[in-house]
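Here's structure-v4.pdb, which has PDB, C-alpha atoms, pLDDT in the B column:
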ATOM      1  CA  MET A   1      51.180-125.929  89.107  1.00 95.00           C
ATOM      2  CA  LYS A   2      47.949-127.811  88.614  1.00 92.00           C
ATOM      3  CA  TYR A   3      47.170-131.071  90.367  1.00 94.00           C
ATOM      4  CA  SER A   4      44.518-133.543  91.365  1.00 94.00           C
ATOM      5  CA  LYS A   5      44.347-136.727  93.418  1.00 96.00           C
ATOM      6  CA  ALA A   6      43.882-140.332  92.349  1.00 97.00           C
ATOM      7  CA  GLN A   7      44.081-143.769  93.930  1.00 98.00           C
ATOM      8  CA  LEU A   8      45.828-146.934  92.831  1.00 98.00           C
ATOM      9  CA  GLY A   9      43.584-149.460  91.147  1.00 98.00           C
ATOM     10  CA  ARG A  10      44.520-152.670  89.392  1.00 98.00           C
ATOM     11  CA  VAL A  11      48.077-153.579  88.409  1.00 98.00           C
ATOM     12  CA  PHE A  12      48.694-155.308  85.076  1.00 98.00           C
ATOM     13  CA  VAL A  13      51.776-157.233  83.985  1.00 98.00           C
ATOM     14  CA  ILE A  14      51.929-157.069  80.190  1.00 98.00           C
ATOM     15  CA  ARG A  15      54.247-158.581  77.606  1.00 98.00           C
ATOM     16  CA  LEU A  16      54.195-157.058  74.163  1.00 98.00           C
ATOM     17  CA  GLU A  17      55.571-159.225  71.393  1.00 98.00           C
ATOM     18  CA  ASN A  18      57.710-158.953  68.294  1.00 98.00           C
ATOM     19  CA  GLY A  19      56.526-156.341  65.802  1.00 98.00           C
ATOM     20  CA  GLU A  20      53.808-154.782  67.954  1.00 98.00           C
ATOM     21  CA  ILE A  21      53.663-150.966  68.083  1.00 98.00           C
ATOM     22  CA  VAL A  22      53.845-149.917  71.735  1.00 98.00           C
ATOM     23  CA  HIS A  23      51.394-147.009  71.943  1.00 98.00           C
ATOM     24  CA  GLU A  24      48.811-148.736  69.728  1.00 98.00           C
ATOM     25  CA  GLU A  25      48.802-151.905  71.844  1.00 98.00           C
ATOM     26  CA  ILE A  26      48.698-150.096  75.199  1.00 98.00           C
ATOM     27  CA  GLU A  27      45.879-147.770  74.123  1.00 98.00           C
ATOM     28  CA  ARG A  28      43.888-150.738  72.773  1.00 98.00           C
ATOM     29  CA  PHE A  29      44.517-152.695  75.999  1.00 98.00           C
ATOM     30  CA  ALA A  30      43.361-149.742  78.116  1.00 98.00           C
ATOM     31  CA  GLN A  31      40.183-149.425  76.064  1.00 98.00           C
ATOM     32  CA  ASP A  32      39.475-153.171  76.335  1.00 98.00           C
ATOM     33  CA  GLN A  33      40.085-153.227  80.099  1.00 98.00           C
ATOM     34  CA  GLY A  34      38.185-150.016  80.878  1.00 98.00           C
ATOM     35  CA  ILE A  35      41.328-148.272  82.120  1.00 98.00           C
ATOM     36  CA  GLU A  36      40.838-144.509  82.179  1.00 96.00           C
ATOM     37  CA  ALA A  37      44.158-143.463  83.710  1.00 98.00           C
ATOM     38  CA  ALA A  38      47.460-145.159  84.476  1.00 98.00           C
ATOM     39  CA  THR A  39      51.180-144.849  84.882  1.00 98.00           C
ATOM     40  CA  LEU A  40      53.538-147.333  83.236  1.00 98.00           C
ATOM     41  CA  ILE A  41      57.101-148.586  83.208  1.00 98.00           C
ATOM     42  CA  ALA A  42      58.600-150.567  80.347  1.00 98.00           C
ATOM     43  CA  VAL A  43      61.763-152.550  79.634  1.00 98.00           C
ATOM     44  CA  GLY A  44      62.747-154.649  76.648  1.00 98.00           C
ATOM     45  CA  GLY A  45      63.822-154.313  73.045  1.00 98.00           C
ATOM     46  CA  GLY A  46      63.050-151.812  70.315  1.00 98.00           C
ATOM     47  CA  ASP A  47      63.380-152.813  66.665  1.00 98.00           C
ATOM     48  CA  ALA A  48      65.183-151.042  63.858  1.00 98.00           C
ATOM     49  CA  GLY A  49      62.994-148.481  62.143  1.00 98.00           C
ATOM     50  CA  SER A  50      61.264-147.446  65.386  1.00 98.00           C
ATOM     51  CA  ARG A  51      60.570-143.718  65.511  1.00 98.00           C
ATOM     52  CA  LEU A  52      61.054-141.295  68.403  1.00 98.00           C
ATOM     53  CA  ILE A  53      60.226-137.608  68.681  1.00 97.00           C
ATOM     54  CA  VAL A  54      63.421-136.052  70.057  1.00 97.00           C
ATOM     55  CA  GLY A  55      62.398-132.432  70.470  1.00 92.00           C
ATOM     56  CA  PRO A  56      61.240-129.438  68.492  1.00 91.00           C
ATOM     57  CA  GLU A  57      63.479-128.179  65.718  1.00 89.00           C
ATOM     58  CA  ASN A  58      63.210-124.664  67.177  1.00 89.00           C
ATOM     59  CA  GLU A  59      61.677-124.335  70.631  1.00 85.00           C
ATOM     60  CA  ASP A  60      60.486-120.754  69.991  1.00 84.00           C
ATOM     61  CA  ALA A  61      58.825-121.332  66.591  1.00 82.00           C
ATOM     62  CA  ARG A  62      55.054-121.725  66.284  1.00 83.00           C
ATOM     63  CA  PRO A  63      53.741-124.047  65.134  1.00 80.00           C
ATOM     64  CA  LEU A  64      56.264-126.487  66.579  1.00 83.00           C
ATOM     65  CA  ASN A  65      58.156-128.661  64.118  1.00 87.00           C
ATOM     66  CA  PRO A  66      58.994-131.962  65.846  1.00 91.00           C
ATOM     67  CA  MET A  67      62.289-133.697  65.090  1.00 96.00           C
ATOM     68  CA  GLU A  68      62.120-137.434  64.522  1.00 97.00           C
ATOM     69  CA  HIS A  69      64.868-139.989  65.134  1.00 98.00           C
ATOM     70  CA  ILE A  70      64.686-143.415  63.491  1.00 98.00           C
ATOM     71  CA  LEU A  71      66.473-146.260  65.266  1.00 98.00           C
ATOM     72  CA  THR A  72      69.053-148.063  63.173  1.00 97.00           C
ATOM     73  CA  GLY A  73      69.484-151.553  64.561  1.00 97.00           C
ATOM     74  CA  VAL A  74      67.943-153.181  67.603  1.00 98.00           C
ATOM     75  CA  HIS A  75      68.092-151.168  70.857  1.00 98.00           C
ATOM     76  CA  GLU A  76      67.665-151.938  74.541  1.00 98.00           C
ATOM     77  CA  ILE A  77      64.880-149.741  75.896  1.00 98.00           C
ATOM     78  CA  ALA A  78      63.570-148.454  79.201  1.00 98.00           C
ATOM     79  CA  GLY A  79      60.549-146.202  79.371  1.00 98.00           C
ATOM     80  CA  THR A  80      58.041-144.542  81.604  1.00 98.00           C
ATOM     81  CA  GLY A  81      54.767-142.852  80.848  1.00 98.00           C
ATOM     82  CA  THR A  82      51.222-141.870  81.671  1.00 98.00           C
ATOM     83  CA  LEU A  83      47.870-142.710  80.139  1.00 98.00           C
ATOM     84  CA  PHE A  84      44.867-140.387  80.339  1.00 98.00           C
ATOM     85  CA  PRO A  85      41.762-139.940  78.189  1.00 98.00           C
ATOM     86  CA  ASP A  86      41.473-137.196  75.611  1.00 96.00           C
ATOM     87  CA  GLU A  87      38.416-134.962  75.336  1.00 95.00           C
ATOM     88  CA  GLU A  88      36.522-137.753  73.528  1.00 96.00           C
ATOM     89  CA  GLY A  89      37.379-140.299  76.236  1.00 96.00           C
ATOM     90  CA  ARG A  90      39.981-142.231  74.191  1.00 96.00           C
ATOM     91  CA  PRO A  91      43.012-143.379  76.224  1.00 97.00           C
ATOM     92  CA  ILE A  92      46.169-141.583  75.062  1.00 97.00           C
ATOM     93  CA  LEU A  93      49.612-142.865  76.074  1.00 98.00           C
ATOM     94  CA  HIS A  94      52.417-140.354  76.658  1.00 98.00           C
ATOM     95  CA  MET A  95      55.616-142.345  77.092  1.00 98.00           C
ATOM     96  CA  HIS A  96      59.278-141.496  76.751  1.00 98.00           C
ATOM     97  CA  MET A  97      61.936-144.146  76.193  1.00 98.00           C
ATOM     98  CA  ALA A  98      65.677-144.236  76.446  1.00 98.00           C
ATOM     99  CA  CYS A  99      66.960-146.446  73.633  1.00 98.00           C
ATOM    100  CA  GLY A 100      70.547-147.649  73.750  1.00 98.00           C
ATOM    101  CA  ARG A 101      72.830-149.602  71.460  1.00 98.00           C
ATOM    102  CA  ASN A 102      76.494-150.091  72.252  1.00 96.00           C
ATOM    103  CA  ALA A 103      77.681-146.769  73.742  1.00 95.00           C
ATOM    104  CA  ASN A 104      74.959-144.602  72.172  1.00 97.00           C
ATOM    105  CA  THR A 105      71.594-143.679  73.655  1.00 98.00           C
ATOM    106  CA  VAL A 106      68.708-141.577  72.375  1.00 98.00           C
ATOM    107  CA  THR A 107      65.667-140.565  74.419  1.00 98.00           C
ATOM    108  CA  GLY A 108      62.349-139.415  73.068  1.00 98.00           C
ATOM    109  CA  CYS A 109      58.579-139.692  72.902  1.00 98.00           C
ATOM    110  CA  ILE A 110      57.294-142.934  71.346  1.00 98.00           C
ATOM    111  CA  ARG A 111      54.200-141.400  69.705  1.00 95.00           C
ATOM    112  CA  SER A 112      55.555-141.831  66.153  1.00 96.00           C
ATOM    113  CA  GLY A 113      55.824-145.596  66.597  1.00 98.00           C
ATOM    114  CA  VAL A 114      58.235-147.776  68.544  1.00 98.00           C
ATOM    115  CA  LYS A 115      58.176-151.371  67.328  1.00 98.00           C
ATOM    116  CA  VAL A 116      58.902-154.179  69.794  1.00 98.00           C
ATOM    117  CA  TRP A 117      61.927-156.385  69.135  1.00 98.00           C
ATOM    118  CA  HIS A 118      60.948-159.802  70.546  1.00 98.00           C
ATOM    119  CA  ILE A 119      59.605-158.632  73.930  1.00 95.00           C
ATOM    120  CA  LEU A 120      58.701-155.568  75.891  1.00 98.00           C
ATOM    121  CA  GLU A 121      57.662-155.982  79.504  1.00 98.00           C
ATOM    122  CA  ILE A 122      55.277-153.396  80.888  1.00 98.00           C
ATOM    123  CA  ILE A 123      53.889-152.897  84.367  1.00 98.00           C
ATOM    124  CA  LEU A 124      50.745-150.759  84.214  1.00 98.00           C
ATOM    125  CA  PHE A 125      49.444-149.185  87.424  1.00 98.00           C
ATOM    126  CA  GLU A 126      45.830-148.124  87.023  1.00 98.00           C
ATOM    127  CA  LEU A 127      44.819-144.805  88.600  1.00 98.00           C
ATOM    128  CA  THR A 128      41.220-144.513  89.775  1.00 98.00           C
ATOM    129  CA  GLY A 129      39.156-141.537  90.879  1.00 97.00           C
ATOM    130  CA  SER A 130      40.927-139.209  88.453  1.00 95.00           C
ATOM    131  CA  LEU A 131      39.087-136.595  86.417  1.00 94.00           C
ATOM    132  CA  SER A 132      42.264-135.651  84.535  1.00 97.00           C
ATOM    133  CA  LYS A 133      42.242-135.624  80.752  1.00 97.00           C
ATOM    134  CA  ARG A 134      44.335-134.573  77.777  1.00 96.00           C
ATOM    135  CA  VAL A 135      43.148-131.345  76.188  1.00 96.00           C
ATOM    136  CA  LEU A 136      44.342-129.986  72.844  1.00 92.00           C
ATOM    137  CA  GLU A 137      46.403-126.811  73.204  1.00 90.00           C
ATOM    138  CA  LYS A 138      46.123-124.932  69.923  1.00 86.00           C
ATOM    139  CA  GLU A 139      49.424-123.046  70.234  1.00 82.00           C
ATOM    140  CA  THR A 140      51.602-126.181  70.449  1.00 82.00           C
ATOM    141  CA  GLY A 141      49.274-128.763  68.911  1.00 83.00           C
ATOM    142  CA  PHE A 142      49.863-131.027  71.939  1.00 87.00           C
ATOM    143  CA  LYS A 143      47.152-132.813  73.902  1.00 91.00           C
ATOM    144  CA  LEU A 144      48.285-131.598  77.320  1.00 93.00           C
ATOM    145  CA  LEU A 145      47.328-133.110  80.649  1.00 96.00           C
ATOM    146  CA  ASP A 146      44.694-131.106  82.497  1.00 95.00           C
ATOM    147  CA  PRO A 147      44.620-132.466  86.032  1.00 95.00           C
TER
END
Please express what this file holds, its structure, as structure tokens.
Amino acid sequence: MKYSKAQLGRVFVIRLENGEIVHEEIERFAQDQGIEAATLIAVGGGDAGSRLIVGPENEDARPLNPMEHILTGVHEIAGTGTLFPDEEGRPILHMHMACGRNANTVTGCIRSGVKVWHILEIILFELTGSLSKRVLEKETGFKLLDP
């Protein structure tokens, strides 16, 4: 286990609107507001055609081959995530969402592009005093959190 400490900073109440791509908007907002680290919760709607990463095709293969799921139809979504800078200081959002329609639900990482259907409400809790960052791990190709 690796860990570090941080303190709570500002709290933002955000509403994303129809057609916006979640990770692009949140990363842009963080850059504009000078947010270096945060944790987030989200609830709202995801539009058809949104893309989720739902796991590696084979967990033992290197390099990893991510599987992608494309939403067919509008889905109700709930998500949680973290935001930390990469090695160049750019804020990078890592968020997973559960997306449900009727009796079916799929959960995955939103990095490939989840598009908002009408509204997505986000509460962003800024973390201050953190030196944590996302560092590229060559074996997996992931930018992993280094606390």
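Our summary of the geometry notes that atom CA of Leu52 of chain A is positioned 9.7 Å from atom CA of Ala98 of chain A.
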Using only C-alpha atoms, which residues of segment 3-107 of chain A come within 7 Å of segment 130-138 of chain A, and what is the closest atom pair for each, with the distance in Å to one decimal? Give it as a tab-separated table, sorted by chain and residue number.
residue	atom	partner	partner_atom	distance
A:Lys5	CA	A:Ser130	CA	6.5
A:Ala6	CA	A:Ser130	CA	5.0
A:Phe84	CA	A:Lys133	CA	5.5
A:Pro85	CA	A:Lys133	CA	5.0
A:Asp86	CA	A:Arg134	CA	4.4
A:Glu87	CA	A:Val135	CA	6.0
Checklist entry - Which residue gives the smallest distance to Gly79 of chain A among A:Gly49, A:Pro56, A:Pro63, A:Gly44, with only C-alpha atoms counted? => result A:Gly44
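Rounded to one decimal, atom CA of Lys115 of chain A and atom CA of Gly9 of chain A lie 28.0 Å from each other.
For the atom pair formed by atom CA of Leu93 of chain A and atom CA of Ser4 of chain A, the distance is 18.6 Å, given to one decimal.
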Could the residues of segment 14-66 of chain A that have an atom at most 12 Å from segment 102-106 of chain A be listed as a Markdown table, each with its closest atom pair and the distance in Å to one decimal, counting all atoms listed in the file and ordered by chain and ascending residue number?
| residue | atom | partner | partner_atom | distance |
| --- | --- | --- | --- | --- |
| A:Gly46 | CA | A:Val106 | CA | 11.9 |
| A:Ser50 | CA | A:Val106 | CA | 11.8 |
| A:Arg51 | CA | A:Val106 | CA | 10.9 |
| A:Leu52 | CA | A:Val106 | CA | 8.6 |
| A:Ile53 | CA | A:Val106 | CA | 10.1 |
| A:Val54 | CA | A:Val106 | CA | 8.0 |
| A:Gly55 | CA | A:Val106 | CA | 11.3 |
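Across A:Gly113, A:Gly141, A:Pro147, A:Gly129, the tightest approach to Ile70 of chain A is made by A:Gly113 when counting all atoms listed in the file.
Using all atoms listed in the file, the nearest neighbour of Glu20 of chain A within the list A:His94, A:Arg62, A:His69, A:His118 is A:His118.
Of the residues under consideration (A:Glu88, A:Asp60, A:Glu121, A:Glu126), A:Asp60 shows the shortest atom-to-atom contact distance to Glu139 of chain A when counting only C-alpha atoms.
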Item to check | Residue members of the PyMOL selection byres ((chain A and resi 37-41) around 7) in the file shown, as an MDAnalysis selection string | outcome: chainID A and resid 35:36 42 79:85 122:128
